[in-house]
Amino acid sequence: MPKVRINKLDIHYQQHGKGPDVVLIHGITGNLSIWFMKILPVLLKKYRVTVYDLRGHGYSDRPQSGYTSDDMVEDLKGLMDHLNIERAIFVGHSFGGAVALHFAAFYPQQTAGVVISDAGIPAFIHLRNVKDWRGWDLYKGDLEKLGIRTEDDLLDIEKCVRKSFEVPIQHGFRIGAGRRSDRLTNLIDNTTVLKDFSVVGTLTEEKISKILSPTLCIYGAYSPWRAVGEKLQDIMPHCKSVQISKQGHFYPLQSPELLLKLLDDFFQQVKPT
């Protein structure tokens, strides 16, 4: 279980495979294991793949505060330097996409390309379209069982995150088991993560619009964040946005083969040198 000391924290990471560098970044309340079932085994055949636990998650240290993308991007920079990764393609799911985009904005020399996987970028949080969210009809029954019945409920991030712990795990070796754990409970109860991750900080719309790295935005058609991908395509000079039909926010776990096909096409065009 390798760890590296970065910004006074121990960050847990793993590295597998050989070839051009790819870095996979998970989202809030996740951990590096989300990539292990389907995504990592395929990518490591062609690439050197680095995965790591964001601060506060998995086996990385859990500080009381410091969960903005400004904080997270410096952890990633430290990891890149420790591993002597000169240049990589970054793939970030959910908040991991914000971290990847932030890295591209501030460290373009080390960024060969970026894949944004259904990320709600803090600067565009106002584009979250709950009112017209296609997934409401699809998930309405399950949401109501959790007490999520109105648009205000859906916009209450803390309530939604806490309620999500009551949903059985849908994928992987622990399918059907409870999602609640001491690690997640401590993260939500004892840190500022739910306040920090929506802070815009230095990743402003203006800064994002100047990113020149090739970028692919992949959003589920049922995702409330899909307008973010369209916005990024509009303001970034080398960005393409695509939507995956009949998929929501967690398509990398539900339909990894769809993500892998898009990654393969993108990686063939953009390779670290």
# chains A, B, ... in the order shown; residues from 1 in each chain; ligands from 1
$ residues_around --residues "segment 215-232 of chain A" --least-positions-apart "5" --cutoff "10 Å" --atoms "only C-alpha atoms" --output "MDAnalysis selection string"
chainID A and resid 89:94 97 101 104 112:138 205 208:209 237:252 259 262:263 266 270
$ residues_around --residues "segment 66-69 of chain A" --least-positions-apart "5" --cutoff "10 Å" --atoms "only C-alpha atoms" --output "MDAnalysis selection string"
chainID A and resid 28 54:56 74:75 95:103 121:122 191:203
$ write_last_selection --atoms "C-alpha atoms" --output "mmCIF file, in the first residue's frame"
data_model
loop_
_atom_site.group_PDB
_atom_site.id
_atom_site.type_symbol
_atom_site.label_atom_id
_atom_site.label_comp_id
_atom_site.auth_asym_id
_atom_site.auth_seq_id
_atom_site.Cartn_x
_atom_site.Cartn_y
_atom_site.Cartn_z
ATOM 1 C CA ILE A 28 -16.075 12.802 -3.617
ATOM 2 C CA LEU A 54 -8.060 11.933 -2.877
ATOM 3 C CA ARG A 55 -7.265 13.439 0.504
ATOM 4 C CA GLY A 56 -9.834 12.304 3.048
ATOM 5 C CA GLU A 74 -1.588 20.559 -5.383
ATOM 6 C CA ASP A 75 -1.848 17.007 -4.052
ATOM 7 C CA PHE A 95 -15.295 15.941 -8.714
ATOM 8 C CA GLY A 96 -12.234 14.164 -10.046
ATOM 9 C CA GLY A 97 -13.043 15.878 -13.338
ATOM 10 C CA ALA A 98 -12.792 19.267 -11.645
ATOM 11 C CA VAL A 99 -9.374 18.299 -10.254
ATOM 12 C CA ALA A 100 -8.210 17.161 -13.695
ATOM 13 C CA LEU A 101 -9.442 20.366 -15.324
ATOM 14 C CA HIS A 102 -7.785 22.444 -12.602
ATOM 15 C CA PHE A 103 -4.496 20.669 -13.240
ATOM 16 C CA ILE A 121 -17.414 21.921 -12.194
ATOM 17 C CA PRO A 122 -17.813 24.428 -9.301
ATOM 18 C CA THR A 191 -14.535 17.575 7.704
ATOM 19 C CA THR A 192 -15.588 20.484 5.495
ATOM 20 C CA VAL A 193 -15.675 18.348 2.339
ATOM 21 C CA LEU A 194 -19.323 19.026 1.461
ATOM 22 C CA LYS A 195 -18.778 22.779 1.688
ATOM 23 C CA ASP A 196 -15.345 22.881 0.084
ATOM 24 C CA PHE A 197 -15.887 20.858 -3.062
ATOM 25 C CA SER A 198 -18.313 23.422 -4.503
ATOM 26 C CA VAL A 199 -15.923 26.369 -3.944
ATOM 27 C CA VAL A 200 -14.867 27.941 -7.264
ATOM 28 C CA GLY A 201 -11.499 29.202 -6.033
ATOM 29 C CA THR A 202 -9.019 29.888 -8.821
ATOM 30 C CA LEU A 203 -10.711 27.568 -11.341
#
$ atom_distance --atom1 "atom CA of Ser213 of chain A" --atom2 "atom CA of Pro256 of chain A"
24.3 Å
$ atom_distance --atom1 "atom CA of Gly58 of chain A" --atom2 "atom CA of Ile25 of chain A"
12.4 Å
$ residues_around --residues "Ile6 of chain A" --least-positions-apart "2" --cutoff "8 Å" --atoms "only C-alpha atoms" --output "ChimeraX atom specification"
/A:4,8-11,75,78-79
$ write_last_selection --atoms "N, CA and C atoms" --output "PDB file, in the first residue's frame"
ATOM      1  N   VAL A   4       2.762   8.484  -0.288  1.00  0.00           N
ATOM      2  CA  VAL A   4       3.767   9.519  -0.415  1.00  0.00           C
ATOM      3  C   VAL A   4       3.315  10.713   0.413  1.00  0.00           C
ATOM      4  N   LYS A   8       1.957  17.766   3.727  1.00  0.00           N
ATOM      5  CA  LYS A   8       1.812  17.315   5.113  1.00  0.00           C
ATOM      6  C   LYS A   8       0.770  16.202   5.281  1.00  0.00           C
ATOM      7  N   LEU A   9       0.420  15.539   4.179  1.00  0.00           N
ATOM      8  CA  LEU A   9      -0.540  14.436   4.221  1.00  0.00           C
ATOM      9  C   LEU A   9       0.062  13.213   3.550  1.00  0.00           C
ATOM     10  N   ASP A  10      -0.325  12.030   4.015  1.00  0.00           N
ATOM     11  CA  ASP A  10       0.049  10.787   3.341  1.00  0.00           C
ATOM     12  C   ASP A  10      -1.027  10.460   2.320  1.00  0.00           C
ATOM     13  N   ILE A  11      -0.627  10.416   1.047  1.00  0.00           N
ATOM     14  CA  ILE A  11      -1.549  10.131  -0.052  1.00  0.00           C
ATOM     15  C   ILE A  11      -1.295   8.721  -0.569  1.00  0.00           C
ATOM     16  N   ASP A  75      -2.136  18.406  -4.384  1.00  0.00           N
ATOM     17  CA  ASP A  75      -1.848  17.007  -4.052  1.00  0.00           C
ATOM     18  C   ASP A  75      -1.459  16.240  -5.314  1.00  0.00           C
ATOM     19  N   GLY A  78       1.995  17.191  -6.503  1.00  0.00           N
ATOM     20  CA  GLY A  78       3.009  16.534  -5.691  1.00  0.00           C
ATOM     21  C   GLY A  78       3.186  15.076  -6.053  1.00  0.00           C
ATOM     22  N   LEU A  79       2.074  14.400  -6.339  1.00  0.00           N
ATOM     23  CA  LEU A  79       2.137  12.990  -6.739  1.00  0.00           C
ATOM     24  C   LEU A  79       2.841  12.844  -8.083  1.00  0.00           C
TER      25      LEU A  79
END
$ closest_residue --among "A:Ile211, A:Met72, A:Ile34, A:Val23" --to "Val51 of chain A" --atoms "only C-alpha atoms"
A:Val23
$ select_by_dssp --residues "segment 161-270 of chain A" --states "strand (DSSP E)" --output "PDB file with N, CA and C atoms, in the first residue's frame"
ATOM      1  N   THR A 215      -9.457  18.169 -24.766  1.00  0.00           N
ATOM      2  CA  THR A 215     -10.353  17.771 -23.685  1.00  0.00           C
ATOM      3  C   THR A 215     -11.589  17.086 -24.236  1.00  0.00           C
ATOM      4  N   LEU A 216     -11.954  15.975 -23.629  1.00  0.00           N
ATOM      5  CA  LEU A 216     -13.165  15.262 -23.990  1.00  0.00           C
ATOM      6  C   LEU A 216     -14.085  15.245 -22.770  1.00  0.00           C
ATOM      7  N   CYS A 217     -15.303  15.754 -22.933  1.00  0.00           N
ATOM      8  CA  CYS A 217     -16.308  15.742 -21.865  1.00  0.00           C
ATOM      9  C   CYS A 217     -17.334  14.660 -22.176  1.00  0.00           C
ATOM     10  N   ILE A 218     -17.542  13.747 -21.235  1.00  0.00           N
ATOM     11  CA  ILE A 218     -18.474  12.645 -21.440  1.00  0.00           C
ATOM     12  C   ILE A 218     -19.519  12.689 -20.330  1.00  0.00           C
ATOM     13  N   TYR A 219     -20.768  12.922 -20.718  1.00  0.00           N
ATOM     14  CA  TYR A 219     -21.854  13.028 -19.739  1.00  0.00           C
ATOM     15  C   TYR A 219     -22.969  12.055 -20.089  1.00  0.00           C
ATOM     16  N   GLY A 220     -23.600  11.510 -19.054  1.00  0.00           N
ATOM     17  CA  GLY A 220     -24.762  10.675 -19.260  1.00  0.00           C
ATOM     18  C   GLY A 220     -25.953  11.524 -19.662  1.00  0.00           C
ATOM     19  N   CYS A 239     -12.084  21.452 -26.984  1.00  0.00           N
ATOM     20  CA  CYS A 239     -12.931  20.598 -26.163  1.00  0.00           C
ATOM     21  C   CYS A 239     -14.111  20.059 -26.972  1.00  0.00           C
ATOM     22  N   LYS A 240     -14.368  18.770 -26.802  1.00  0.00           N
ATOM     23  CA  LYS A 240     -15.528  18.138 -27.422  1.00  0.00           C
ATOM     24  C   LYS A 240     -16.381  17.505 -26.334  1.00  0.00           C
ATOM     25  N   SER A 241     -17.691  17.685 -26.426  1.00  0.00           N
ATOM     26  CA  SER A 241     -18.603  17.101 -25.446  1.00  0.00           C
ATOM     27  C   SER A 241     -19.499  16.074 -26.113  1.00  0.00           C
ATOM     28  N   VAL A 242     -19.644  14.918 -25.462  1.00  0.00           N
ATOM     29  CA  VAL A 242     -20.535  13.873 -25.965  1.00  0.00           C
ATOM     30  C   VAL A 242     -21.438  13.414 -24.831  1.00  0.00           C
ATOM     31  N   GLN A 243     -22.620  12.924 -25.194  1.00  0.00           N
ATOM     32  CA  GLN A 243     -23.552  12.375 -24.211  1.00  0.00           C
ATOM     33  C   GLN A 243     -23.787  10.898 -24.498  1.00  0.00           C
ATOM     34  N   ILE A 244     -23.858  10.128 -23.431  1.00  0.00           N
ATOM     35  CA  ILE A 244     -24.120   8.695 -23.557  1.00  0.00           C
ATOM     36  C   ILE A 244     -25.595   8.455 -23.272  1.00  0.00           C
TER      37      ILE A 244
END
$ atom_distance --atom1 "atom CA of Asp21 of chain A" --atom2 "atom CA of Phe36 of chain A"
16.9 Å
$ closest_residue --among "A:Met1, A:Thr29, A:Gln110, A:Asn186" --to "Asn84 of chain A" --atoms "only C-alpha atoms"
A:Gln110
